[in-house]
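Trainee: So I've got this file, start_29.cif, and it contains mmCIF, C-alpha atoms:
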```cif
data_start
#
loop_
_atom_site.label_atom_id
_atom_site.label_comp_id
_atom_site.auth_asym_id
_atom_site.auth_seq_id
_atom_site.Cartn_x
_atom_site.Cartn_y
_atom_site.Cartn_z
CA MET A 309 110.63 38.95 111.52
CA THR A 310 112.49 37.73 114.60
CA GLU A 311 115.47 36.91 112.42
CA PHE A 312 115.41 40.43 110.97
CA ILE A 313 115.27 42.03 114.42
CA GLN A 314 118.23 39.94 115.54
CA ALA A 315 120.11 40.94 112.38
CA LEU A 316 119.45 44.61 113.16
CA GLU A 317 121.23 44.17 116.45
CA ALA A 318 124.15 42.35 114.83
CA PHE A 319 124.75 44.31 111.61
CA PRO A 320 125.30 48.09 111.62
CA PHE A 321 124.64 48.35 107.86
CA LEU A 322 121.07 47.13 108.40
CA ARG A 323 120.49 49.80 111.05
CA LEU A 324 121.76 52.42 108.61
CA ALA A 325 119.45 51.06 105.92
CA LEU A 326 116.48 51.14 108.28
CA GLY A 327 117.32 54.70 109.30
CA ALA A 328 117.55 55.76 105.66
CA GLY A 329 114.16 54.24 104.93
CA LEU A 330 112.52 56.00 107.88
CA LEU A 331 114.11 59.34 107.02
CA ALA A 332 113.08 59.04 103.38
CA SER A 333 109.52 58.30 104.49
CA VAL A 334 109.13 61.77 105.96
CA SER A 335 109.77 63.86 102.86
CA CYS A 336 108.28 61.17 100.62
CA GLY A 337 104.96 61.09 102.50
CA VAL A 338 104.67 64.86 102.76
CA VAL A 339 105.64 65.75 99.19
CA GLY A 340 103.99 62.68 97.68
CA THR A 341 100.66 63.92 98.99
CA PHE A 342 101.10 67.18 97.09
CA VAL A 343 102.17 65.29 93.97
CA VAL A 344 99.08 63.07 93.99
CA THR A 345 96.70 65.90 94.84
CA ARG A 346 98.18 68.19 92.17
CA ARG A 347 98.18 65.32 89.65
CA MET A 348 101.77 65.91 88.65
CA THR A 349 102.97 62.31 88.66
CA VAL A 350 104.39 62.57 85.14
CA VAL A 351 106.36 65.68 86.12
CA ALA A 352 107.66 63.85 89.18
CA GLY A 353 108.72 60.98 86.93
CA SER A 354 110.68 63.37 84.75
CA LEU A 355 112.41 64.82 87.81
CA ALA A 356 113.22 61.33 89.05
CA HIS A 357 114.91 60.29 85.82
CA SER A 358 116.70 63.60 85.30
CA VAL A 359 118.62 63.18 88.58
CA LEU A 360 120.66 60.40 86.99
CA GLY A 361 122.54 63.07 85.05
CA GLY A 362 123.62 64.75 88.27
CA ILE A 363 124.48 61.42 89.87
CA GLY A 364 126.63 60.41 86.92
CA ALA A 365 128.44 63.76 86.74
CA ALA A 366 129.15 63.82 90.49
CA HIS A 367 130.34 60.22 90.47
CA TYR A 368 132.64 60.93 87.52
CA LEU A 369 134.15 63.98 89.21
CA HIS A 370 134.56 62.05 92.45
CA VAL A 371 136.31 59.04 90.93
CA VAL A 372 138.14 60.39 87.88
CA ARG A 373 138.86 64.01 88.83
CA GLY A 374 139.53 63.36 92.49
CA TRP A 375 136.78 65.57 93.93
CA THR A 376 136.53 63.37 97.00
CA TRP A 377 134.22 65.79 98.83
CA LEU A 378 131.56 65.40 96.13
CA HIS A 379 128.94 62.69 96.69
CA PRO A 380 126.63 61.36 93.97
CA LEU A 381 123.62 62.53 95.98
CA HIS A 382 125.00 66.08 95.82
CA GLY A 383 124.79 65.79 92.05
CA ALA A 384 121.28 64.37 92.35
CA LEU A 385 120.19 67.36 94.43
CA PHE A 386 121.63 69.82 91.91
CA ALA A 387 120.04 68.02 88.94
CA ALA A 388 116.65 67.78 90.65
CA LEU A 389 116.56 71.47 91.54
CA LEU A 390 117.77 72.48 88.08
CA ALA A 391 115.10 70.35 86.39
CA ALA A 392 112.44 71.78 88.73
CA MET A 393 113.42 75.35 87.82
CA ILE A 394 113.39 74.55 84.10
CA ILE A 395 109.92 72.99 84.26
CA GLY A 396 108.66 75.86 86.41
CA TRP A 397 110.01 78.42 83.95
CA VAL A 398 108.46 76.63 80.99
CA ARG A 399 105.07 76.49 82.72
CA ASP A 400 105.19 80.22 83.36
CA ARG A 401 106.95 81.81 80.38
CA GLY A 402 108.18 79.17 77.98
CA ARG A 403 106.94 79.00 74.42
CA GLU A 404 107.64 75.28 74.10
CA ARG A 405 104.96 72.74 75.02
CA GLU A 406 105.32 71.65 78.63
CA ASP A 407 104.99 67.95 77.85
CA THR A 408 107.81 68.23 75.30
CA VAL A 409 110.17 69.75 77.86
CA ILE A 410 109.20 67.16 80.47
CA SER A 411 109.94 64.34 78.05
CA ALA A 412 113.22 65.97 77.00
CA LEU A 413 114.41 66.35 80.60
CA TRP A 414 113.49 62.73 81.25
CA ALA A 415 115.55 61.47 78.30
CA VAL A 416 118.46 63.92 78.52
CA GLY A 417 118.91 63.34 82.25
CA MET A 418 119.10 59.59 81.75
CA ALA A 419 121.43 59.91 78.75
CA THR A 420 123.76 62.31 80.56
CA GLY A 421 123.99 60.01 83.55
CA VAL A 422 124.71 56.96 81.41
CA LEU A 423 127.45 58.80 79.49
CA PHE A 424 129.21 59.96 82.66
CA LEU A 425 128.90 56.54 84.28
CA PHE A 426 130.23 54.94 81.09
CA ARG A 427 133.35 57.10 81.35
CA THR A 428 133.81 56.15 85.00
CA PRO A 429 135.75 52.96 85.81
CA GLY A 430 133.45 50.21 87.04
CA TYR A 431 130.37 52.01 85.77
CA GLN A 432 128.27 48.84 85.27
CA ALA A 433 127.87 48.08 88.97
CA ASP A 434 127.31 51.72 89.87
CA LEU A 435 124.71 52.12 87.14
CA MET A 436 122.69 49.21 88.50
CA THR A 437 122.88 50.69 92.00
CA TYR A 438 121.62 54.10 90.93
CA LEU A 439 118.97 52.72 88.60
CA PHE A 440 117.48 50.13 90.96
CA GLY A 441 118.73 51.14 94.40
CA ASN A 442 120.76 49.38 97.08
CA ILE A 443 119.86 50.74 100.48
CA VAL A 444 122.15 48.36 102.37
CA VAL A 445 125.19 50.33 101.18
CA VAL A 446 123.97 53.62 102.69
CA ASP A 447 126.67 55.33 104.75
CA PRO A 448 126.41 57.80 107.67
CA GLY A 449 127.14 60.74 105.36
CA GLU A 450 124.06 59.92 103.31
CA LEU A 451 121.99 59.71 106.46
CA ARG A 452 123.09 63.21 107.44
CA LEU A 453 122.12 64.44 103.98
CA LEU A 454 118.67 62.82 104.34
CA VAL A 455 118.18 64.53 107.68
CA GLY A 456 119.01 67.88 106.10
CA VAL A 457 116.58 67.28 103.23
CA ASP A 458 113.80 66.33 105.66
CA VAL A 459 114.36 69.47 107.71
CA ILE A 460 114.26 71.66 104.59
CA VAL A 461 111.11 69.99 103.24
CA LEU A 462 109.23 70.24 106.54
CA ALA A 463 110.32 73.85 107.13
CA VAL A 464 109.23 74.94 103.64
CA VAL A 465 105.88 73.13 103.86
CA VAL A 466 105.10 74.70 107.24
CA ALA A 467 106.16 78.17 106.08
CA PHE A 468 104.21 78.03 102.80
CA TRP A 469 101.35 75.73 103.78
CA ASN A 470 98.46 77.91 102.63
CA PRO A 471 99.90 78.79 99.18
CA LEU A 472 100.92 75.17 98.57
CA LEU A 473 97.48 73.98 99.62
CA ALA A 474 95.72 76.47 97.35
CA VAL A 475 97.86 75.67 94.30
CA SER A 476 97.47 71.92 94.85
CA TYR A 477 93.68 72.02 94.85
CA ASP A 478 92.74 74.86 92.49
CA GLU A 479 95.34 76.87 90.62
CA GLU A 480 92.84 79.40 89.27
CA PHE A 481 91.34 80.03 92.71
CA ALA A 482 94.83 80.48 94.14
CA ARG A 483 95.61 83.06 91.45
CA LEU A 484 92.43 84.98 92.30
CA ARG A 485 93.42 85.02 95.96
CA GLY A 486 96.70 86.71 95.05
CA VAL A 487 98.97 83.68 95.28
CA ASN A 488 102.06 83.81 93.06
CA VAL A 489 101.16 80.56 91.32
CA PRO A 490 104.31 80.20 89.16
CA ALA A 491 106.61 80.72 92.14
CA VAL A 492 104.68 78.32 94.37
CA THR A 493 104.50 75.72 91.60
CA THR A 494 108.27 75.92 91.11
CA LEU A 495 108.70 75.58 94.88
CA LEU A 496 106.51 72.47 94.84
CA LEU A 497 108.57 71.04 91.99
CA ALA A 498 111.75 71.70 93.96
CA LEU A 499 110.31 69.93 97.00
CA THR A 500 109.39 67.00 94.78
CA GLY A 501 112.95 66.84 93.51
CA LEU A 502 114.30 66.84 97.07
CA ALA A 503 111.94 64.04 98.09
CA ILE A 504 112.97 61.98 95.09
CA VAL A 505 116.64 62.32 96.01
CA THR A 506 115.94 60.80 99.45
CA LEU A 507 114.62 57.65 97.78
CA VAL A 508 117.26 57.14 95.08
CA ALA A 509 119.51 55.06 97.34
CA MET A 510 116.59 52.86 98.39
CA VAL A 511 114.67 52.02 95.21
CA GLY A 512 116.70 53.71 92.46
CA VAL A 513 115.77 56.12 89.71
CA VAL A 514 113.60 53.65 87.80
CA MET A 515 111.21 52.77 90.64
CA VAL A 516 111.29 55.91 92.78
CA ILE A 517 108.08 57.40 91.40
CA ALA A 518 106.01 54.46 92.70
CA LEU A 519 107.14 55.06 96.28
CA VAL A 520 106.47 58.79 95.95
CA THR A 521 102.90 58.39 94.73
CA LEU A 522 101.41 55.04 95.79
CA PRO A 523 101.57 55.45 99.61
CA ALA A 524 100.04 58.94 99.35
CA ALA A 525 97.35 57.66 96.97
CA THR A 526 96.61 54.79 99.35
CA ALA A 527 96.37 57.09 102.36
CA GLY A 528 94.13 59.47 100.40
CA ARG A 529 91.47 56.79 100.02
CA PHE A 530 90.86 56.73 103.76
CA THR A 531 91.38 60.37 104.77
CA ARG A 532 89.57 63.61 103.98
CA ARG A 533 91.98 66.36 104.97
CA LEU A 534 95.31 66.91 103.26
CA SER A 535 97.18 67.15 106.55
CA HIS A 536 95.73 63.81 107.67
CA THR A 537 96.69 62.26 104.35
CA MET A 538 100.27 63.45 104.82
CA VAL A 539 100.57 61.95 108.29
CA ALA A 540 99.07 58.67 107.09
CA ALA A 541 101.34 58.65 104.03
CA VAL A 542 104.46 59.17 106.16
CA ILE A 543 103.48 56.35 108.52
CA LEU A 544 102.53 54.03 105.65
CA THR A 545 105.76 54.74 103.76
CA ALA A 546 107.78 54.03 106.91
CA LEU A 547 105.98 50.72 107.36
CA LEU A 548 106.46 49.79 103.70
CA THR A 549 110.17 50.63 103.62
CA THR A 550 110.72 48.71 106.85
CA GLY A 551 108.65 45.79 105.62
CA GLY A 552 110.43 45.77 102.28
CA LEU A 553 113.81 45.74 104.00
CA ALA A 554 112.76 42.89 106.31
CA LEU A 555 111.25 40.77 103.54
CA SER A 556 114.19 41.28 101.20
CA PHE A 557 116.67 40.38 103.95
CA GLN A 558 114.91 37.16 104.89
CA ALA A 559 114.21 36.09 101.30
CA ASP A 560 117.56 37.33 99.92
CA LEU A 561 115.88 39.59 97.34
CA PRO A 562 116.68 43.12 96.06
CA THR A 563 115.35 45.60 98.61
CA GLY A 564 114.14 48.21 96.12
CA ALA A 565 112.10 45.81 94.00
CA THR A 566 110.69 44.08 97.08
CA THR A 567 109.61 47.39 98.58
CA ILE A 568 107.90 48.47 95.36
CA MET A 569 106.03 45.16 95.02
CA LEU A 570 104.90 45.42 98.64
CA THR A 571 103.80 49.02 98.06
CA ALA A 572 101.86 48.10 94.92
CA SER A 573 100.17 45.20 96.72
CA VAL A 574 99.04 47.44 99.57
CA TYR A 575 97.76 50.01 97.06
CA ALA A 576 95.78 47.36 95.16
CA LEU A 577 94.31 46.01 98.41
CA ALA A 578 93.37 49.52 99.54
CA HIS A 579 91.70 50.13 96.16
CA LEU A 580 89.60 46.96 96.54
CA VAL A 581 88.62 47.80 100.12
CA SER A 582 87.74 51.38 99.19
CA ALA A 583 85.73 50.29 96.15
CA GLY A 584 83.82 47.74 98.23
CA ARG A 585 83.08 50.34 100.89
CA ASP A 586 81.76 52.76 98.26
CA ARG A 587 79.47 50.08 96.78
CA VAL A 588 78.04 49.34 100.22
CA ARG A 589 77.35 53.03 100.79
CA ARG A 590 75.57 53.38 97.45
CA ARG A 591 73.29 50.45 98.24
CA ARG A 592 72.14 51.93 101.53
CA PRO A 593 68.73 53.63 101.37
#
```
For the structure just supplied, provide its representation as C-alpha cells.
Mentor:
Amino acid sequence: MTEFIQALEAFPFLRLALGAGLLASVSCGVVGTFVVTRRMTVVAGSLAHSVLGGIGAAHYLHVVRGWTWLHPLHGALFAALLAAMIIGWVRDRGREREDTVISALWAVGMATGVLFLFRTPGYQADLMTYLFGNIVVVDPGELRLLVGVDVIVLAVVVAFWNPLLAVSYDEEFARLRGVNVPAVTTLLLALTGLAIVTLVAMVGVVMVIALVTLPAATAGRFTRRLSHTMVAAVILTALLTTGGLALSFQADLPTGATTIMLTASVYALAHLVSAGRDRVRRRRP
C-alpha cells in the first residue's frame, strides 16, 4: 500500500483514476441500493449492455465524422436514458412481454456498439476498453461528467425520496397512496442508467452490474433502514474501488477485473458472516 500511496503522489493519472472511482461510488451506492431493494438486477443488466450502442455511435462520430466535442460517455448517457424510457413505457403501456424487450435491448445495444466500433479505425483496442474498463485512462473531462451525474442523482433522490422509497418496497401500496408508479419507475430506471455510465470507464460494460449490486447487497445484510444501507453502500464501494485500484497497480493486473473479484470476495465473506450470525440467533432460547 505504501508503494501505491507514493505512486499517487508521482503519477497524475492515478489520482484521476482514484477520483473517478470515488465519484462513481456515490451514484453507484445510492442507486444500487434501489436496484437491489426493487429486485431489478436483470433490468439494470440490460441497461448496462445497451449503453455500448451509444458508446460505439459517439466514438464513431468523434473519430470518423470529426465531432470532436462528442465523448463516448455522452453516447452512453443518451443510450442509457433511451433504454430506461423504453423499458418504462413497456412496463406501463406496452403489449410486448417485458422480459422480451429487456432481452432485446440487451442484445441490440451490444450489437449496435460492436458494429459502430467495427467501422471505427482501431476498434479492437477501444472495444476491449469499453467492454472491460480501463480507469487509468480517465481524463479530467470525464471527471467533470461524473461530478455532474452525481449531482443529478443526489438531487433527484432527495427531491423524490418518498415516491422512490414507496415504489422500491411495495408497488401496489405506492399506487394506493396516489404515487404515479409508472413515472417513478421510469425515473428509477433513468437513475440506474446514469449510475451505470459512471462505472463504464472503471469496470466496463460486461462487469458493471456486479459493482452496482454487490456492494449494496453486502451493506443491506448489516443495516435495517434504506438510508443507512445507501450510506454504507457508498462507503463500501469507495473502499472497493480504491482497493481494486491499489491491488491492480501493485500486482500489474486489470483494474476492472481486480475490483470485481475483490467486490465478490467481500460479498461472499459478508454472506458467511451474516449466515453465521443468523444461526447463532436462532439457537438462542
Trainee: May I ask which of the residues A:Ala325, A:Leu570, A:Leu355, A:Ile517 is the closest one to Asp447 of chain A, counting only C-alpha atoms?
Mentor: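 Closest to Asp447 of chain A of all the choices is A:Ala325.
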Trainee: For Thr349 of chain A, which of A:Val511, A:Leu497, A:Ala572, A:Leu534 is the closest residue, counting all atoms listed in the file?
Mentor: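 Nearest to Thr349 of chain A: A:Leu497.
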Trainee: Just to confirm, what's the straight-line distance from atom CA of Met515 of chain A to atom CA of Leu369 of chain A in Å (one decimal)?
Mentor: 25.6 Å
Trainee: Report as a PyMOL selection string the residues that result from applying the PyMOL selection byres ((chain A and resi 414) around 6) to the structure here.
Mentor: chain A and resi 354+357-358+411-413+415-417
Trainee: Mind pulling up the distance from atom CA of Ala524 of chain A to atom CA of Ala578 of chain A?
Mentor: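 Taking atom CA of Ala578 of chain A as the start and atom CA of Ala524 of chain A as the end point, the length is 11.5 Å.
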Trainee: Report the residues retrieved by the PyMOL selection byres ((chain A and resi 571) around 9) from the displayed file, expressed as a list in words.
Mentor: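 Going through the file, the PyMOL selection byres ((chain A and resi 571) around 9) ends up selecting Ala518, Leu519, Leu522, Pro523, Thr545, Leu548, Thr549, Gly552, Thr566, Thr567, Ile568, Met569, Leu570, Ala572, Ser573, Val574, Tyr575 and Ala576 of chain A.
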Trainee: Taking the file above as input, evaluate the PyMOL selection byres ((chain A and resi 539) around 12) and report the hits as a PyMOL selection string.
Mentor: chain A and resi 333-341+523-524+527-528+530-538+540-546
Trainee: Would you mind exporting the chosen residues as a compact mmCIF listing (two decimals), in the frame of the given file, restricted to C-alpha atoms?
Mentor:
```txt
# COMPACT_ATOMS: atom_id res chain seq x y z
CA SER A 333 109.52 58.30 104.49
CA VAL A 334 109.13 61.77 105.96
CA SER A 335 109.77 63.86 102.86
CA CYS A 336 108.28 61.17 100.62
CA GLY A 337 104.96 61.09 102.50
CA VAL A 338 104.67 64.86 102.76
CA VAL A 339 105.64 65.75 99.19
CA GLY A 340 103.99 62.68 97.68
CA THR A 341 100.66 63.92 98.99
CA PRO A 523 101.57 55.45 99.61
CA ALA A 524 100.04 58.94 99.35
CA ALA A 527 96.37 57.09 102.36
CA GLY A 528 94.13 59.47 100.40
CA PHE A 530 90.86 56.73 103.76
CA THR A 531 91.38 60.37 104.77
CA ARG A 532 89.57 63.61 103.98
CA ARG A 533 91.98 66.36 104.97
CA LEU A 534 95.31 66.91 103.26
CA SER A 535 97.18 67.15 106.55
CA HIS A 536 95.73 63.81 107.67
CA THR A 537 96.69 62.26 104.35
CA MET A 538 100.27 63.45 104.82
CA ALA A 540 99.07 58.67 107.09
CA ALA A 541 101.34 58.65 104.03
CA VAL A 542 104.46 59.17 106.16
CA ILE A 543 103.48 56.35 108.52
CA LEU A 544 102.53 54.03 105.65
CA THR A 545 105.76 54.74 103.76
CA ALA A 546 107.78 54.03 106.91
```
Trainee: Residues within 7 Å of segment 441-443 of chain A, please, as a ChimeraX atom specification. Count only C-alpha atoms; anything in the same chain fewer than 5 positions from it doesn't count.
Mentor: /A:325,508-512,563-564
Trainee: Can you fill out segment 372-406 of chain A with N, CA and C atoms and hand it back as a PDB file, keeping the file's coordinate frame?
Mentor:
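Generated file (selection12.pdb):
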```
ATOM      1  N   VAL A 372     137.139  60.114  88.915  1.00  0.00           N
ATOM      2  CA  VAL A 372     138.140  60.390  87.880  1.00  0.00           C
ATOM      3  C   VAL A 372     138.913  61.675  88.167  1.00  0.00           C
ATOM      4  N   ARG A 373     138.209  62.713  88.598  1.00  0.00           N
ATOM      5  CA  ARG A 373     138.860  64.010  88.830  1.00  0.00           C
ATOM      6  C   ARG A 373     139.354  64.199  90.248  1.00  0.00           C
ATOM      7  N   GLY A 374     139.014  63.286  91.132  1.00  0.00           N
ATOM      8  CA  GLY A 374     139.530  63.360  92.490  1.00  0.00           C
ATOM      9  C   GLY A 374     138.806  64.323  93.404  1.00  0.00           C
ATOM     10  N   TRP A 375     137.578  64.697  93.059  1.00  0.00           N
ATOM     11  CA  TRP A 375     136.780  65.570  93.930  1.00  0.00           C
ATOM     12  C   TRP A 375     136.182  64.710  95.036  1.00  0.00           C
ATOM     13  N   THR A 376     136.964  64.333  95.995  1.00  0.00           N
ATOM     14  CA  THR A 376     136.530  63.370  97.000  1.00  0.00           C
ATOM     15  C   THR A 376     135.426  63.898  97.911  1.00  0.00           C
ATOM     16  N   TRP A 377     135.277  65.206  97.981  1.00  0.00           N
ATOM     17  CA  TRP A 377     134.220  65.790  98.830  1.00  0.00           C
ATOM     18  C   TRP A 377     132.852  65.694  98.174  1.00  0.00           C
ATOM     19  N   LEU A 378     132.801  65.406  96.880  1.00  0.00           N
ATOM     20  CA  LEU A 378     131.560  65.400  96.130  1.00  0.00           C
ATOM     21  C   LEU A 378     130.926  64.017  96.148  1.00  0.00           C
ATOM     22  N   HIS A 379     129.682  63.946  96.619  1.00  0.00           N
ATOM     23  CA  HIS A 379     128.940  62.690  96.690  1.00  0.00           C
ATOM     24  C   HIS A 379     127.923  62.632  95.561  1.00  0.00           C
ATOM     25  N   PRO A 380     127.634  61.450  95.019  1.00  0.00           N
ATOM     26  CA  PRO A 380     126.630  61.360  93.970  1.00  0.00           C
ATOM     27  C   PRO A 380     125.282  61.977  94.325  1.00  0.00           C
ATOM     28  N   LEU A 381     124.891  61.923  95.596  1.00  0.00           N
ATOM     29  CA  LEU A 381     123.620  62.530  95.980  1.00  0.00           C
ATOM     30  C   LEU A 381     123.668  64.052  95.906  1.00  0.00           C
ATOM     31  N   HIS A 382     124.874  64.639  96.032  1.00  0.00           N
ATOM     32  CA  HIS A 382     125.000  66.080  95.820  1.00  0.00           C
ATOM     33  C   HIS A 382     124.648  66.411  94.371  1.00  0.00           C
ATOM     34  N   GLY A 383     125.136  65.605  93.454  1.00  0.00           N
ATOM     35  CA  GLY A 383     124.790  65.790  92.050  1.00  0.00           C
ATOM     36  C   GLY A 383     123.310  65.588  91.798  1.00  0.00           C
ATOM     37  N   ALA A 384     122.719  64.612  92.490  1.00  0.00           N
ATOM     38  CA  ALA A 384     121.280  64.370  92.350  1.00  0.00           C
ATOM     39  C   ALA A 384     120.472  65.572  92.814  1.00  0.00           C
ATOM     40  N   LEU A 385     120.887  66.163  93.927  1.00  0.00           N
ATOM     41  CA  LEU A 385     120.190  67.360  94.430  1.00  0.00           C
ATOM     42  C   LEU A 385     120.267  68.504  93.420  1.00  0.00           C
ATOM     43  N   PHE A 386     121.454  68.741  92.884  1.00  0.00           N
ATOM     44  CA  PHE A 386     121.630  69.820  91.910  1.00  0.00           C
ATOM     45  C   PHE A 386     120.771  69.569  90.673  1.00  0.00           C
ATOM     46  N   ALA A 387     120.799  68.340  90.149  1.00  0.00           N
ATOM     47  CA  ALA A 387     120.040  68.020  88.940  1.00  0.00           C
ATOM     48  C   ALA A 387     118.542  68.145  89.185  1.00  0.00           C
ATOM     49  N   ALA A 388     118.081  67.705  90.349  1.00  0.00           N
ATOM     50  CA  ALA A 388     116.650  67.780  90.650  1.00  0.00           C
ATOM     51  C   ALA A 388     116.171  69.221  90.741  1.00  0.00           C
ATOM     52  N   LEU A 389     116.950  70.064  91.411  1.00  0.00           N
ATOM     53  CA  LEU A 389     116.560  71.470  91.540  1.00  0.00           C
ATOM     54  C   LEU A 389     116.640  72.197  90.202  1.00  0.00           C
ATOM     55  N   LEU A 390     117.646  71.867  89.403  1.00  0.00           N
ATOM     56  CA  LEU A 390     117.770  72.480  88.080  1.00  0.00           C
ATOM     57  C   LEU A 390     116.585  72.091  87.196  1.00  0.00           C
ATOM     58  N   ALA A 391     116.236  70.807  87.190  1.00  0.00           N
ATOM     59  CA  ALA A 391     115.100  70.350  86.390  1.00  0.00           C
ATOM     60  C   ALA A 391     113.802  70.998  86.873  1.00  0.00           C
ATOM     61  N   ALA A 392     113.651  71.145  88.187  1.00  0.00           N
ATOM     62  CA  ALA A 392     112.440  71.780  88.730  1.00  0.00           C
ATOM     63  C   ALA A 392     112.329  73.229  88.263  1.00  0.00           C
ATOM     64  N   MET A 393     113.446  73.957  88.271  1.00  0.00           N
ATOM     65  CA  MET A 393     113.420  75.350  87.820  1.00  0.00           C
ATOM     66  C   MET A 393     113.117  75.453  86.327  1.00  0.00           C
ATOM     67  N   ILE A 394     113.649  74.528  85.536  1.00  0.00           N
ATOM     68  CA  ILE A 394     113.390  74.550  84.100  1.00  0.00           C
ATOM     69  C   ILE A 394     111.913  74.299  83.815  1.00  0.00           C
ATOM     70  N   ILE A 395     111.335  73.290  84.468  1.00  0.00           N
ATOM     71  CA  ILE A 395     109.920  72.990  84.260  1.00  0.00           C
ATOM     72  C   ILE A 395     109.055  74.145  84.750  1.00  0.00           C
ATOM     73  N   GLY A 396     109.412  74.719  85.901  1.00  0.00           N
ATOM     74  CA  GLY A 396     108.660  75.860  86.410  1.00  0.00           C
ATOM     75  C   GLY A 396     108.709  77.048  85.471  1.00  0.00           C
ATOM     76  N   TRP A 397     109.873  77.305  84.894  1.00  0.00           N
ATOM     77  CA  TRP A 397     110.010  78.420  83.950  1.00  0.00           C
ATOM     78  C   TRP A 397     109.192  78.174  82.687  1.00  0.00           C
ATOM     79  N   VAL A 398     109.219  76.953  82.196  1.00  0.00           N
ATOM     80  CA  VAL A 398     108.460  76.630  80.990  1.00  0.00           C
ATOM     81  C   VAL A 398     106.961  76.777  81.234  1.00  0.00           C
ATOM     82  N   ARG A 399     106.495  76.381  82.416  1.00  0.00           N
ATOM     83  CA  ARG A 399     105.070  76.490  82.720  1.00  0.00           C
ATOM     84  C   ARG A 399     104.635  77.953  82.777  1.00  0.00           C
ATOM     85  N   ASP A 400     105.553  78.813  83.182  1.00  0.00           N
ATOM     86  CA  ASP A 400     105.190  80.220  83.360  1.00  0.00           C
ATOM     87  C   ASP A 400     105.426  81.059  82.114  1.00  0.00           C
ATOM     88  N   ARG A 401     106.586  80.901  81.459  1.00  0.00           N
ATOM     89  CA  ARG A 401     106.950  81.810  80.380  1.00  0.00           C
ATOM     90  C   ARG A 401     107.363  81.114  79.083  1.00  0.00           C
ATOM     91  N   GLY A 402     107.637  79.846  79.151  1.00  0.00           N
ATOM     92  CA  GLY A 402     108.180  79.170  77.980  1.00  0.00           C
ATOM     93  C   GLY A 402     107.206  79.096  76.820  1.00  0.00           C
ATOM     94  N   ARG A 403     107.753  79.125  75.623  1.00  0.00           N
ATOM     95  CA  ARG A 403     106.940  79.000  74.420  1.00  0.00           C
ATOM     96  C   ARG A 403     106.811  77.554  73.961  1.00  0.00           C
ATOM     97  N   GLU A 404     107.679  76.690  74.488  1.00  0.00           N
ATOM     98  CA  GLU A 404     107.640  75.280  74.100  1.00  0.00           C
ATOM     99  C   GLU A 404     106.553  74.566  74.892  1.00  0.00           C
ATOM    100  N   ARG A 405     105.969  73.529  74.315  1.00  0.00           N
ATOM    101  CA  ARG A 405     104.960  72.740  75.020  1.00  0.00           C
ATOM    102  C   ARG A 405     105.572  72.108  76.264  1.00  0.00           C
ATOM    103  N   GLU A 406     104.814  72.158  77.359  1.00  0.00           N
ATOM    104  CA  GLU A 406     105.320  71.650  78.630  1.00  0.00           C
ATOM    105  C   GLU A 406     105.629  70.166  78.560  1.00  0.00           C
TER     106      GLU A 406
END
```
